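Have a look at the structure below before the remarks.
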Amino acid sequence: MNLKLPAPVSFAAGLAPALAAGWLLFPRLLYEEVPQPLPFSHEAHAEAAGTTCDGCHALGPDGRFAGVPRVEACAGCHAEKGGSPGVDALVEGYVTPGREVPWLFAARQPDNVFFPHAPHLALAKLECARCHGPQGKSAEARPFARNRISGESRDVWGPSIVRRKANAWDGMKMADCIRCHREAGRESACLDCHK
Amino acid sequence: MEPTANPRERRHRYGMVIDLDRCTGCGACTVACSVENNVPPPPERSTERTGVVWIRVSEAQDPRPAGARSVFVPVPCQQCDDPPCEKVCPQRAVELDPKTGIVAQVAVRCLGCRYCMAACPYHARSFNWFRPEWPDGTAALLNPDVSVRQRGTVEKCSFCAGRLQAAKAKAAAAGSREIDPADYVPACVEACPSRAIVFGDLEDPSSEVARLARESESFRLLPALGTRPKVLYRSVEPWVRASLSQPEVSRG
Amino acid sequence: MDEPLIARGLRRTTLPRFLLWLAPWAALLALGAWAIFLCFAEGLNQTNMDNRFAFGLWIYLDLTVIALGAGAFFTGFLLYVLKRKELRAVVNSAVVLGFLCYSGAILILMVDVGQPLRAWFTFWHPNVHSMLTEVTFCLTCYLLVLAIEYAPVVLRSRKLRDLLSLLVLEHQLHKVMAVFAAVGTFLSFFHQGSLGGLYGVMNGHPFSYRASLGIWPSTFFLFILSAAAAGPSFVLLTTWVVSKLSRKELVKPEVLRFLGKVSGWLLLVYVGAKGVDSLVWLNATSPRAGVSPASFYAYPSFGTWILFLEVVVLGLVPALLLVSERARARTGLLVLASALACCGVALNRFVQTIQTQALPTLPFDAFLSYSPSWQETAAFLFVVAYGVLVYSISFRYLVLFPEERELAKG
Amino acid sequence: MPLDLSRRDLLLAATGAATGAVLSPLPWKLVDDVAIWTQRPATPTPRPAGPVALRPTTCTLCPVACGLRVRCFGDVPVSVTGAPGHPASGGAICPLGLTAHHLSRHPLRARTATLRHARGEEPLSRDAAVAAVGAALARAAHAGRPGGLLVVDGRPGRPLSALYRAVAAAAGGRYATPPRVGPARTLAALSRRSPEPSLTLGVDLAAARRVVCFGAPLLEGWGTPGLLPRLRAGSRRRPHEERLEVVQVEAVRSRSAALADRWIAPVPGSEAALALGIARVLLDEGLLDCRLVESRTEGLEGFARAAAPFTPGTVSSLSGVPAATVVALARDLAAHRPAVVLGGGDPAGSPLPDETEAALAGLNLLLGSVGGDGSPIVARREGPAAPAGAPPVELADVPDGSVGVLVLDGHLSERAVPWSRLLPLLAPSATVVSLSPWRGGLADHADLHVPGLAPLEEAGDVPGSPDAAAATLSRAVALVASPEGAVDPAVFLKESAARASLVLPPLPPSAVEGVFASRRGRVVDGTTGEATPVGSLASPGALGELLEKGGCWVDDPAPLPRGRLSFLAPGETAESLSRAALAARPAPAAQRAAVAREAVAAAPPASLLTKLTRETALRTPPVAVAPWRA
């Protein structure tokens, strides 16, 4: 005896996998995780470098962000192997040959954005954590999540696939910039940020 | 003065006055602009009308019967106060920045429909007919302050907005919202060997550019069209002033 | 072989002959597809457009087919809103024609833009001041309406009729068709107008710039009028051509004469309005932009003859022929007049697109020329071949002319 | 229990799937990401490689030696601009200089030493290249004069030039310089008229009220970029009589002709007749600078005899220039002294014949443009490099077939010295060594190509233009790392000479030491324009430091030596001048090949320079609308 499916069941048979694929599988497939070249603990370094971010991540005189310390800064403490496999890898791979560590930057904006840190820090007096979250307290470097289609970091879109903001620093899309600028009552124009 | 809760930035109206008596048509402006703004070199197959150029130099000959003289006319985007391109763009990829008066072209928003190009009477816009490419190695020398555009988008002069952004960042680092005018000079102005281009804030009545703009020797291209450009030209020669402010079609 | 698919009561040629008819069009379609692929893969350097001549053959084609496709909205408007029942005989054909013209136009528009994958930005970040935004919104919506109008015609085909639920859907659709016809008319008015406004707002080009009436330039209204006039003419013309090619009587002659009459009166109104508009433009609008009107026609390629041709030979003459009952009575004259009317609209779109860009504006510019590349021409022919193919297939298997059955019997 | 799946079920499931997909983030996020994907250009925009800095250096592309400021992000040069306070260039640079940072990465950049032989090419290691050049030098030293060494220097006066001369002297060979071009030939013709044959002259255009150019592209970029247009535009603010005007005498409508205040188009080859015609009007109407002519010149009668046949009518028939124009031009020049007449070239791009330059020199003497107070042509001292080693010879004086080893300097362009000029000089089985940083041009004829340094890779002292009113010295700083296989020619030559066991004569003191020892002149800061007298500096090191920071040393003005300048140089007669001027040599009315600036630069144009020819109305071939063609 053959079973004839009721219409809602057929419909649901299509609906359910599609929903599952769209909500669960797709976000996983969309991003690939790229490990950082070396393990790194902000927590451990904060004690050595002082507790403020700009101890290591300073602004340049031109108002640009100087980024991460260059390998010479690492060499100051990690000139010799020993301590941990991470330190060995650092010394062997980068300090000794004098090569910069190719860190992957989760907070990097796409090519068409000019984001100067200076107005946000020096003029608007924002905390680093407002946009970057509590990075400074992390014990290990997060792997870099790259969007397989656009190539951008997942942090730009934010952790939630529907861009629900759990924290102020979730998401770094244009809409997030605009929202904050609106709240601060600032006029914005394309050329303020787009290069 | 402390910035207020709702700080309103000072308004500028950046503009330039180009002295046609000084221009020799050497092309330094075109080259400096291309270097500054990551404008790609023309591919082998391109023609004079399919390459990307933000400031073009055209020759205008004395139209009088015995006239043998020429002036060379550098034509960047005229940065109109009433830009014909802005109102036609279907998706707001063109924007007249109210704070600077610069007509911004946002290539990443651009659909490539070219309506703005058809609407611009100055032919100041270029379409990326080809994929932008740089010869081996020179791609590493591109200016980090200006993004490379994509094939199939329209671009044009932005008064070197990348330099304005850099100047703003520098001022902000020093705790100021106002830039030092010396930090914001477009590449063509800086490069012109005969100092034919004067750049500055037209809103500031004491600036050199505002003074020159008020003089009777200064004029606009096609003033009757009502586009109100912020790029002005000047010449002591009456024929230059007369012939350049009239549309070509009027002569037939 | 394919008899079961052909609607009952229709007599169609044999399948091999039909395929023979399709073959050259399919070849053309393949060539066009290759050209379109080249444009997508290599970029628009495959065309002969350039920075000075930013719009070319394709935009001209878009404007023309959309003007000709106006037959769909105007026939629908006359039939469903003004209740001119006799037009039921051609409405299906008009809807198919409209659908083909609009889908073809949108297809070629997607090839014409540099970044088709960003086309949705217009909906997400619309610039409400742009005529092109208006065009994009209305075109997309109207294509949807046309698809809905096309659907019942397809659903009534022999095979699909068998699926009961679909027939119910078709019946339901039919009941609300008047609503869609009204919506379609409304949308059509706007995009036909905005297509005219496209050039009318260009204050940088004194040749195409027109003073505005309300918030729209005068070309906005001229385009609506000319499209409404040309649409019925095009329906008339295609019906006549299909009838000749298939050697069948498809509609009663009165239907064609009625279409001709509608077209004629609208064309007469259009020519009058165009005349007034031209006088205003030549005597007020262009002198204000610093241009003497005669200079527009001073270049060898585009003399005043083009204005005369557009307004008199391809405007006034067909209008007078079509409003004259005696001329309409003669099929030859009727068809000739409607062909002239269609050519007139095509020439108007050509002048707006090509002449506008060819005329120099800057004092150191020269008269600009442009001729399309083979890729542009092939892509153009792709749309033509697509139209012919889909229309031919629709004609073979669907009921495009409901009167055909009666006329065949009678 | 088998399921009976109908078409209807599949249809429903598909509808369900579509509904599910639309209700999930999938299509929406996909559309967004695809749009962002379209926003990533094929070439990524580089991230700043470090903090931005403006680094001073000096352009080595042409003898003008403009002051540069290179904008660098970290070590990466991104753009080049002029140093605003630089005395040699005043902040101006040419389009080629604006792309100087691209030249190191030019597709034609040679990256390794190459040996070329009948079977093809093979790369050489640096050691092998030293050995090969050393062997060639040894062979040349052994051969002596025929079959000996010839070094051709593209840019005399540099520290490297001193080394060239030392090597040439040690190998018993010769050191040659390319012929001078453009207005420099007029200056040379005037030098020959002085009692001191070693007299060096320069032009100070700022002093002139009338500049007459016989084919010199003065308004298009000869000399300091934009200088003449800047001076002319600046003078527009002065009363009409004091304005600077430029008269271009050229058969084709070049850009300079189109830009000049007046353009006179003589039949090609009739330039000498026109110059002598102007001279005759000046003489007939007594319009000369009598005081200066009487006190500082001799041999006027001879020159007057040479000019005698050239009445305005004769000139008009020879040159096609109306007689009235000749008379008016002569009167205008006399009324607006100081005036200066400079030669350049003929429409085919070749230099004007010697007789024409002699006529122009005579015209300058008549107009008092040399020798008086405020005259535009001034005496100056040689550059700071002291002469030593082999004396420079002109290429024309090198006998054919006499060169066994030819060393070509990297700054020598094929436009300045065509290969057809060098080939006859070579002995059978001669070796040609090129030090050009680029492939192409003369380097392609070399048996041994050892790539030298490209602009911005070079470091060292750079003397200014030999035509400028005063000698200058500034310093080039290496801002770009050179490719692995490229060599510093100075180091390389020294090593090769050592390999050949040549004993180099002692090199003269460095230019900086020479300048410091002379205590002359001042150092002008390239950015601020602030001047520091050399006399106030403590050591040569302090001077070098100022140059390193973008300073430029400028020599003090030099007085013109006493004694009279002769209207006719040794070997010239009135008859030879007239005869040459009457036999109007019809040069081909071809387009002028290129701007003189490109003729002196050996560098291939950077790809961005093609924008000028491709996308603007610039450098299109001049349209011949001269009356003589009609």
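Here's how to read the names in the structure tokens: chain A, B, ... by the order shown, residue numbers from 1 in each chain, ligand numbers from 1 in the order shown.
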Long-range neighbours of region 70-77 of chain C as a list in words, 7 Å cut-off, only C-alpha atoms, 2 positions minimum in chain: Ile66, Ala67, Leu68, Leu79, Tyr80, Val81, Leu82, Leu87, Val91, Ala94, Val95, Leu97, Gly98, Ala181, Ala182, Gly184, Thr185, Ser188, Ala227, Ala228, Gly231, Pro232, Phe234 and Val235 of chain C
Would you save the residues of that selection, restricted to N, CA and C atoms, as a PDB file, in the first residue's frame?
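Result file is part14.pdb:
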```pdb
ATOM      1  N   ILE C  66      10.802  50.371 -25.686  1.00  0.00           N
ATOM      2  CA  ILE C  66       9.852  50.676 -24.622  1.00  0.00           C
ATOM      3  C   ILE C  66       8.733  51.567 -25.151  1.00  0.00           C
ATOM      4  N   ALA C  67       9.078  52.447 -26.077  1.00  0.00           N
ATOM      5  CA  ALA C  67       8.037  53.272 -26.691  1.00  0.00           C
ATOM      6  C   ALA C  67       7.099  52.382 -27.508  1.00  0.00           C
ATOM      7  N   LEU C  68       7.674  51.447 -28.268  1.00  0.00           N
ATOM      8  CA  LEU C  68       6.838  50.584 -29.099  1.00  0.00           C
ATOM      9  C   LEU C  68       6.036  49.617 -28.232  1.00  0.00           C
ATOM     10  N   LEU C  79      -9.008  48.685 -23.293  1.00  0.00           N
ATOM     11  CA  LEU C  79      -9.898  47.533 -23.152  1.00  0.00           C
ATOM     12  C   LEU C  79     -10.505  47.445 -21.754  1.00  0.00           C
ATOM     13  N   TYR C  80      -9.649  47.443 -20.759  1.00  0.00           N
ATOM     14  CA  TYR C  80     -10.132  47.151 -19.413  1.00  0.00           C
ATOM     15  C   TYR C  80     -10.677  48.371 -18.711  1.00  0.00           C
ATOM     16  N   VAL C  81     -10.090  49.546 -18.962  1.00  0.00           N
ATOM     17  CA  VAL C  81     -10.524  50.732 -18.238  1.00  0.00           C
ATOM     18  C   VAL C  81     -11.598  51.476 -19.027  1.00  0.00           C
ATOM     19  N   LEU C  82     -11.345  51.662 -20.334  1.00  0.00           N
ATOM     20  CA  LEU C  82     -12.333  52.377 -21.140  1.00  0.00           C
ATOM     21  C   LEU C  82     -13.325  51.422 -21.807  1.00  0.00           C
ATOM     22  N   LEU C  87     -11.063  45.467 -28.674  1.00  0.00           N
ATOM     23  CA  LEU C  87      -9.618  45.281 -28.563  1.00  0.00           C
ATOM     24  C   LEU C  87      -9.246  43.948 -27.936  1.00  0.00           C
ATOM     25  N   VAL C  91      -5.505  42.105 -27.596  1.00  0.00           N
ATOM     26  CA  VAL C  91      -4.862  42.407 -26.316  1.00  0.00           C
ATOM     27  C   VAL C  91      -3.808  41.366 -25.946  1.00  0.00           C
ATOM     28  N   ALA C  94      -0.768  42.109 -27.825  1.00  0.00           N
ATOM     29  CA  ALA C  94      -0.165  43.337 -27.315  1.00  0.00           C
ATOM     30  C   ALA C  94       0.583  43.079 -26.015  1.00  0.00           C
ATOM     31  N   VAL C  95      -0.013  42.234 -25.168  1.00  0.00           N
ATOM     32  CA  VAL C  95       0.642  41.939 -23.890  1.00  0.00           C
ATOM     33  C   VAL C  95       1.959  41.188 -24.129  1.00  0.00           C
ATOM     34  N   LEU C  97       3.776  41.299 -26.811  1.00  0.00           N
ATOM     35  CA  LEU C  97       4.721  42.270 -27.380  1.00  0.00           C
ATOM     36  C   LEU C  97       5.303  43.147 -26.283  1.00  0.00           C
ATOM     37  N   GLY C  98       4.438  43.623 -25.415  1.00  0.00           N
ATOM     38  CA  GLY C  98       4.894  44.478 -24.318  1.00  0.00           C
ATOM     39  C   GLY C  98       5.890  43.754 -23.443  1.00  0.00           C
ATOM     40  N   ALA C 181      -4.374  46.178 -15.317  1.00  0.00           N
ATOM     41  CA  ALA C 181      -4.303  47.073 -16.472  1.00  0.00           C
ATOM     42  C   ALA C 181      -4.197  48.520 -16.002  1.00  0.00           C
ATOM     43  N   ALA C 182      -4.974  48.844 -14.975  1.00  0.00           N
ATOM     44  CA  ALA C 182      -4.934  50.222 -14.463  1.00  0.00           C
ATOM     45  C   ALA C 182      -3.573  50.517 -13.835  1.00  0.00           C
ATOM     46  N   GLY C 184      -0.806  48.988 -14.500  1.00  0.00           N
ATOM     47  CA  GLY C 184       0.159  49.021 -15.598  1.00  0.00           C
ATOM     48  C   GLY C 184       0.135  50.356 -16.305  1.00  0.00           C
ATOM     49  N   THR C 185      -1.045  50.878 -16.517  1.00  0.00           N
ATOM     50  CA  THR C 185      -1.152  52.168 -17.190  1.00  0.00           C
ATOM     51  C   THR C 185      -0.473  53.259 -16.372  1.00  0.00           C
ATOM     52  N   SER C 188       3.228  52.754 -16.517  1.00  0.00           N
ATOM     53  CA  SER C 188       3.720  53.080 -17.847  1.00  0.00           C
ATOM     54  C   SER C 188       3.808  54.575 -18.045  1.00  0.00           C
ATOM     55  N   ALA C 227       4.639  57.712 -27.013  1.00  0.00           N
ATOM     56  CA  ALA C 227       4.601  56.268 -26.800  1.00  0.00           C
ATOM     57  C   ALA C 227       3.165  55.770 -26.928  1.00  0.00           C
ATOM     58  N   ALA C 228       2.220  56.521 -26.354  1.00  0.00           N
ATOM     59  CA  ALA C 228       0.818  56.113 -26.446  1.00  0.00           C
ATOM     60  C   ALA C 228       0.370  56.104 -27.894  1.00  0.00           C
ATOM     61  N   GLY C 231       2.378  53.044 -29.707  1.00  0.00           N
ATOM     62  CA  GLY C 231       2.041  51.699 -29.234  1.00  0.00           C
ATOM     63  C   GLY C 231       0.976  51.025 -30.088  1.00  0.00           C
ATOM     64  N   PRO C 232      -0.222  51.628 -30.203  1.00  0.00           N
ATOM     65  CA  PRO C 232      -1.257  51.000 -31.035  1.00  0.00           C
ATOM     66  C   PRO C 232      -0.798  50.796 -32.472  1.00  0.00           C
ATOM     67  N   PHE C 234       2.152  50.121 -33.426  1.00  0.00           N
ATOM     68  CA  PHE C 234       3.050  48.963 -33.453  1.00  0.00           C
ATOM     69  C   PHE C 234       2.237  47.663 -33.360  1.00  0.00           C
ATOM     70  N   VAL C 235       1.183  47.672 -32.536  1.00  0.00           N
ATOM     71  CA  VAL C 235       0.319  46.494 -32.439  1.00  0.00           C
ATOM     72  C   VAL C 235      -0.319  46.234 -33.793  1.00  0.00           C
TER      73      VAL C 235
END
```
Contacts of region 122-136 of chain A at 7 Å (only C-alpha atoms; same-chain gap of 2+ positions) as a ChimeraX atom specification: /A:42-43,118-120,138,168-169 /B:172-173,175
Among the residues B:Gln150, B:Arg228, B:Pro193, B:Phe130, the one that comes closest to Asp111 (chain A) [using only C-alpha atoms]: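 Residue with the minimum atom-to-atom distance to Asp111 (chain A): B:Gln150.
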Can you build me a table of chain B residues sitting at most 6 Å from chain C, with the closest atom pair per residue and its distance in Å to one decimal, using only C-alpha atoms, sorted by chain and residue number, as JSON lines?
```
{"residue": "B:Arg49", "atom": "CA", "partner": "C:Asn51", "partner_atom": "CA", "distance": 5.5}
{"residue": "B:Thr50", "atom": "CA", "partner": "C:Asp50", "partner_atom": "CA", "distance": 5.1}
{"residue": "B:Ala60", "atom": "CA", "partner": "C:Phe364", "partner_atom": "CA", "distance": 5.2}
{"residue": "B:Lys87", "atom": "CA", "partner": "C:Ser130", "partner_atom": "CA", "distance": 5.5}
{"residue": "B:Val88", "atom": "CA", "partner": "C:Ser130", "partner_atom": "CA", "distance": 4.4}
{"residue": "B:Cys89", "atom": "CA", "partner": "C:Ser130", "partner_atom": "CA", "distance": 6.0}
{"residue": "B:Pro90", "atom": "CA", "partner": "C:Thr133", "partner_atom": "CA", "distance": 4.7}
{"residue": "B:Gln91", "atom": "CA", "partner": "C:Pro126", "partner_atom": "CA", "distance": 4.7}
{"residue": "B:Arg92", "atom": "CA", "partner": "C:Asn127", "partner_atom": "CA", "distance": 5.4}
{"residue": "B:Leu111", "atom": "CA", "partner": "C:Gln115", "partner_atom": "CA", "distance": 5.0}
{"residue": "B:Gly112", "atom": "CA", "partner": "C:Gly114", "partner_atom": "CA", "distance": 4.2}
{"residue": "B:Cys113", "atom": "CA", "partner": "C:Val113", "partner_atom": "CA", "distance": 4.6}
{"residue": "B:Arg114", "atom": "CA", "partner": "C:Ala54", "partner_atom": "CA", "distance": 6.0}
{"residue": "B:Ala118", "atom": "CA", "partner": "C:Ala54", "partner_atom": "CA", "distance": 5.8}
{"residue": "B:Ala119", "atom": "CA", "partner": "C:Met202", "partner_atom": "CA", "distance": 5.4}
{"residue": "B:Cys120", "atom": "CA", "partner": "C:Gly204", "partner_atom": "CA", "distance": 5.9}
{"residue": "B:Pro121", "atom": "CA", "partner": "C:Gly204", "partner_atom": "CA", "distance": 4.6}
{"residue": "B:Ser126", "atom": "CA", "partner": "C:Asn51", "partner_atom": "CA", "distance": 5.5}
{"residue": "B:Trp129", "atom": "CA", "partner": "C:Asn45", "partner_atom": "CA", "distance": 4.9}
{"residue": "B:Gly152", "atom": "CA", "partner": "C:Gly114", "partner_atom": "CA", "distance": 3.6}
{"residue": "B:Thr153", "atom": "CA", "partner": "C:Gly114", "partner_atom": "CA", "distance": 5.9}
{"residue": "B:Ala224", "atom": "CA", "partner": "C:Ala289", "partner_atom": "CA", "distance": 4.7}
{"residue": "B:Leu225", "atom": "CA", "partner": "C:Ala289", "partner_atom": "CA", "distance": 5.2}
{"residue": "B:Leu244", "atom": "CA", "partner": "C:Pro363", "partner_atom": "CA", "distance": 5.5}
{"residue": "B:Pro247", "atom": "CA", "partner": "C:Thr361", "partner_atom": "CA", "distance": 5.0}
{"residue": "B:Glu248", "atom": "CA", "partner": "C:Pro363", "partner_atom": "CA", "distance": 4.2}
{"residue": "B:Val249", "atom": "CA", "partner": "C:Ser295", "partner_atom": "CA", "distance": 5.6}
{"residue": "B:Ser250", "atom": "CA", "partner": "C:Val291", "partner_atom": "CA", "distance": 4.7}
{"residue": "B:Gly252", "atom": "CA", "partner": "C:Ser295", "partner_atom": "CA", "distance": 4.9}
```
All residues 10 Å or closer to Leu547 (chain D), only C-alpha atoms, same chain fewer than 5 positions away omitted, as JSON, numbers by chain: {"D": [56, 57, 58, 460, 461, 473, 474, 475, 476, 477, 512, 523, 524, 525, 526, 541, 542, 552, 553]}
All residues 9 Å or closer to Gly86 (chain A), only C-alpha atoms, same chain fewer than 2 positions away omitted, as a list in words: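 Neighbouring residues, sequence-local ones excluded: Leu38, Pro39, Phe40, Gly83, Ser84, Asp88, Ala89, Leu90 and Val91 of chain A.
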Could the residues in this selection be saved with C-alpha atoms as a JSON list (two decimals), in the first residue's frame?
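Output below, filename out-v4.json:
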```json
[["chain", "number", "residue", "atom", "x", "y", "z"],
["A", 38, "LEU", "CA", 51.31, 32.90, 16.31],
["A", 39, "PRO", "CA", 49.40, 32.51, 19.54],
["A", 40, "PHE", "CA", 49.12, 35.75, 21.48],
["A", 83, "GLY", "CA", 59.34, 29.63, 27.58],
["A", 84, "SER", "CA", 56.72, 28.27, 25.24],
["A", 88, "ASP", "CA", 60.04, 29.65, 19.99],
["A", 89, "ALA", "CA", 58.02, 30.06, 16.81],
["A", 90, "LEU", "CA", 58.20, 33.85, 17.15],
["A", 91, "VAL", "CA", 61.95, 33.90, 17.64]]
```
From C:Lys252, C:Arg328, C:Arg158, C:Arg11, residue lying nearest Glu403 (chain C) [only C-alpha atoms]: C:Lys252
Could you give me, as a tab-separated table, a per-residue list for chain D showing, wherever an atom lies at most 6 Å from an atom of chain B, the closest pair of atoms and their distance in Å to one decimal, using only C-alpha atoms and sorting by chain then residue number from low to high?
```
residue	atom	partner	partner_atom	distance
D:Gln39	CA	B:Val108	CA	5.3
D:Pro41	CA	B:Gln150	CA	4.8
D:Thr45	CA	B:Ser147	CA	5.5
D:Pro46	CA	B:Pro144	CA	5.3
D:Arg47	CA	B:Pro144	CA	5.4
D:Pro48	CA	B:Pro144	CA	5.6
D:Val78	CA	B:Leu141	CA	5.2
D:Ala92	CA	B:Pro193	CA	4.3
D:Ile93	CA	B:Pro193	CA	6.0
D:Pro95	CA	B:Ala28	CA	4.5
D:Arg105	CA	B:Gly137	CA	5.8
D:Pro225	CA	B:Pro193	CA	5.7
D:Gly226	CA	B:Ser194	CA	4.3
D:Pro229	CA	B:Arg22	CA	5.5
D:Arg230	CA	B:Ser194	CA	4.9
D:Ala233	CA	B:Arg22	CA	5.9
D:Ala258	CA	B:Arg69	CA	4.6
D:Leu259	CA	B:Ser70	CA	5.9
D:Ser607	CA	B:Pro41	CA	5.9
D:Leu608	CA	B:Pro41	CA	4.8
D:Arg614	CA	B:Glu48	CA	4.9
D:Glu615	CA	B:Glu48	CA	4.2
D:Thr616	CA	B:Val57	CA	5.2
D:Ala617	CA	B:Ser58	CA	4.9
```
Distance-based interface of chain A with chain D, 6 Å, counting only C-alpha atoms, as a list of chain:residue names: A:Asn2, A:Leu3, A:Lys4, A:Ser10, A:Phe11, A:Ala13, A:Gly14, A:Leu15, A:Ala18, A:Leu19, A:Gly22, A:Trp23, A:Ser150
DSSP-assigned helix (DSSP H, G or I) among region 9-99 of chain C, expressed as a PyMOL selection string: chain C and resi 15-42+44-46+57-68+70-81+85-99
